[in-house]
Amino acid sequence: MRISLYRYDPDADAAPRMENLELDIPGVGDLMVLDLLERLKAIDPSIAYRRSCREGVCGSDGVNMNGRNGLACTTPVSEVARRGKLTLRPLPGLPVIRDLVVDMTQFYRQYEKIKPFLQNEDPPPARERLQTPEDREKLNGLYECILCACCSTSCPSFWWNPEKFVGPAGLLQAYRFLADSRDTATEERLAELEDPFSVFRCRGIMNCVSACPKGLNPTRAIGKIRTMLVERGI
Amino acid sequence: MTPVASLGRSGLADFVLQRATAVVLAAFALCVLGWFLAAPVNHARLAAFFGTLPMRAFTTLAILALAAHAWIGMWTVGTDYVRRHYFGRRHALYLAIYQIGCAALVFLYLVWPLAVVWGVAR
């Protein structure tokens, strides 16, 4: 297997470079891209990447594999390698700290902006705020987001306006709370999203849907936020 | 935030306006296409068609819709691409030049066809 790996150490390199590496992969089974990175790191300990749970739950190891964003731990090498070659780069659009490690500050800043917590002015009940099974059903396909940033960093609108456009991950979570029957801050949440950039900079190209390793659909959530905004404006 | 150069001064207003103007433009395009396909085109028939008051009113509406639609689209393109990241510290100046250029073009494409349409009445 030929691997082209993005390398950048700001303390030592003037500019990023691609390093070509060869790795013998056993013919038995199918390795995940993270396994491949682990083997490379055993050879060259200076290679940097994030990882934690290695089972698609923590969202740490989002990388760009042969041009497609995804989680290294849940992506089989056979799915992304072409003619025995795999190019690994950091998630696009975010500043690189080192090799495959990106600075997620801007991504988290947008997530923070949508106030990703339940807001309810009513006095809390003795045990918990209940909702019907039908209302709970509305949160499916929204709450599962692991904030890996694969979607937002595959979105050109987020590349162009990362400080103004909330991005698909943040908007999926914005709708998760707008759709929650227990949340009472709908008006305030919608008012925050009405400007020309936060939601409306989405052009609906659905890169986010293709990239999401959890099979979620941020474009649909963004469409629902727009519908809510239009209905609120009428 | 409310960017001053955005037409509707809000994302929602621009979004609704862009879709409403798209419907007007689609209806106008279908109307004109239907007329073109209905019979052979000559100047007398063209002048007669666009000389009627309803058609002049519809054309005026389509021209206004085109101007609004184009401005929102061009403003969006400008605020996507003319950024500090690509153009450096003077990006705001370049964006202002771009927007003034777009505004001048939109104004031209607004006034000129309106003059043509209403000039037909003379």
# chains A, B, ... in the order shown; residues from 1 in each chain; ligands from 1
call {"tool": "interface_residues", "arguments": {"of": "chain A", "to": "chain B", "cutoff": "6 Å", "atoms": "only C-alpha atoms", "output": "VMD selection string"}}
result
chain A and resid 160 194 to 196 200
call {"tool": "residues_around", "arguments": {"residues": "region 103-106 of chain B", "least_positions_apart": "6", "cutoff": "10 Å", "atoms": "only C-alpha atoms", "output": "MDAnalysis selection string"}}
result
chainID B and resid 64 66:71 74:75 97
call {"tool": "residues_around", "arguments": {"residues": "Arg226 (chain A)", "least_positions_apart": "3", "cutoff": "8 Å", "atoms": "only C-alpha atoms", "output": "number ranges by chain"}}
result
A: 199-200, 222-223, 229-230; B: 12
call {"tool": "write_last_selection", "arguments": {"atoms": "N, CA and C atoms", "output": "PDB file, in the first residue's frame"}}
result
ATOM      1  N   VAL A 199     -27.714  30.674   8.726  1.00  0.00           N
ATOM      2  CA  VAL A 199     -28.390  29.537   8.100  1.00  0.00           C
ATOM      3  C   VAL A 199     -28.435  29.710   6.585  1.00  0.00           C
ATOM      4  N   PHE A 200     -28.734  30.942   6.161  1.00  0.00           N
ATOM      5  CA  PHE A 200     -29.053  31.152   4.753  1.00  0.00           C
ATOM      6  C   PHE A 200     -27.843  31.086   3.833  1.00  0.00           C
ATOM      7  N   ILE A 222     -31.445  21.825   8.090  1.00  0.00           N
ATOM      8  CA  ILE A 222     -31.336  23.234   7.674  1.00  0.00           C
ATOM      9  C   ILE A 222     -32.616  23.653   6.943  1.00  0.00           C
ATOM     10  N   GLY A 223     -33.138  22.769   6.101  1.00  0.00           N
ATOM     11  CA  GLY A 223     -34.400  23.049   5.399  1.00  0.00           C
ATOM     12  C   GLY A 223     -35.542  23.277   6.385  1.00  0.00           C
ATOM     13  N   LEU A 229     -38.351  29.517  10.024  1.00  0.00           N
ATOM     14  CA  LEU A 229     -38.092  30.962   9.926  1.00  0.00           C
ATOM     15  C   LEU A 229     -39.117  31.634   9.014  1.00  0.00           C
ATOM     16  N   VAL A 230     -39.447  30.960   7.894  1.00  0.00           N
ATOM     17  CA  VAL A 230     -40.431  31.535   6.968  1.00  0.00           C
ATOM     18  C   VAL A 230     -41.803  31.584   7.650  1.00  0.00           C
TER      19      VAL A 230
ATOM     20  N   LEU B  12     -33.614  36.025   5.920  1.00  0.00           N
ATOM     21  CA  LEU B  12     -34.956  35.509   5.618  1.00  0.00           C
ATOM     22  C   LEU B  12     -35.583  36.313   4.477  1.00  0.00           C
TER      23      LEU B  12
END
call {"tool": "select_by_dssp", "arguments": {"residues": "region 21-111 of chain A", "states": "strand (DSSP E or B)", "output": "PyMOL selection string"}}
result
chain A and resi 21-22+32+62-65+68-71+76+82+85-89+96-98+101-102
call {"tool": "select_by_dssp", "arguments": {"residues": "region 80-167 of chain A", "states": "helix (DSSP H, G or I)", "output": "VMD selection string"}}
result
chain A and resid 80 105 to 113 133 to 137 152 to 154 156 to 160 167
call {"tool": "closest_residue", "arguments": {"among": "A:Asp9, A:Arg82, A:Thr184, A:Asn140", "to": "Asp122 (chain A)", "atoms": "only C-alpha atoms"}}
result
A:Thr184
call {"tool": "residues_around", "arguments": {"residues": "Leu21 (chain A)", "least_positions_apart": "6", "cutoff": "12 Å", "atoms": "only C-alpha atoms", "output": "list in words"}}
result
Met1, Arg2, Ile3, Ser4, Leu5, Tyr6, Arg7, Leu36, Leu37, Arg39, Leu40, Lys41, Ile43, Asp44, Ile47, Gly84, Lys85, Leu86, Thr87 and Leu88 of chain A
call {"tool": "closest_residue", "arguments": {"among": "A:Val77, A:Asp135, A:Pro162, A:Pro156", "to": "Gln106 (chain A)", "atoms": "only C-alpha atoms"}}
result
A:Pro162
call {"tool": "residues_around", "arguments": {"residues": "Gly119 (chain B)", "least_positions_apart": "5", "cutoff": "10 Å", "atoms": "only C-alpha atoms", "output": "ChimeraX atom specification"}}
result
/B:51,113-114
call {"tool": "atom_distance", "arguments": {"atom1": "CA of Arg89 (chain A)", "atom2": "CA of Arg17 (chain A)"}}
result
10.4 Å
call {"tool": "atom_distance", "arguments": {"atom1": "CA of Cys148 (chain A)", "atom2": "CA of Asn66 (chain A)"}}
result
17.8 Å
call {"tool": "residues_around", "arguments": {"residues": "Val96 (chain A)", "least_positions_apart": "6", "cutoff": "10 Å", "atoms": "only C-alpha atoms", "output": "NGL selection string"}}
result
:A and (7-10 or 16 or 90 or 102-104)
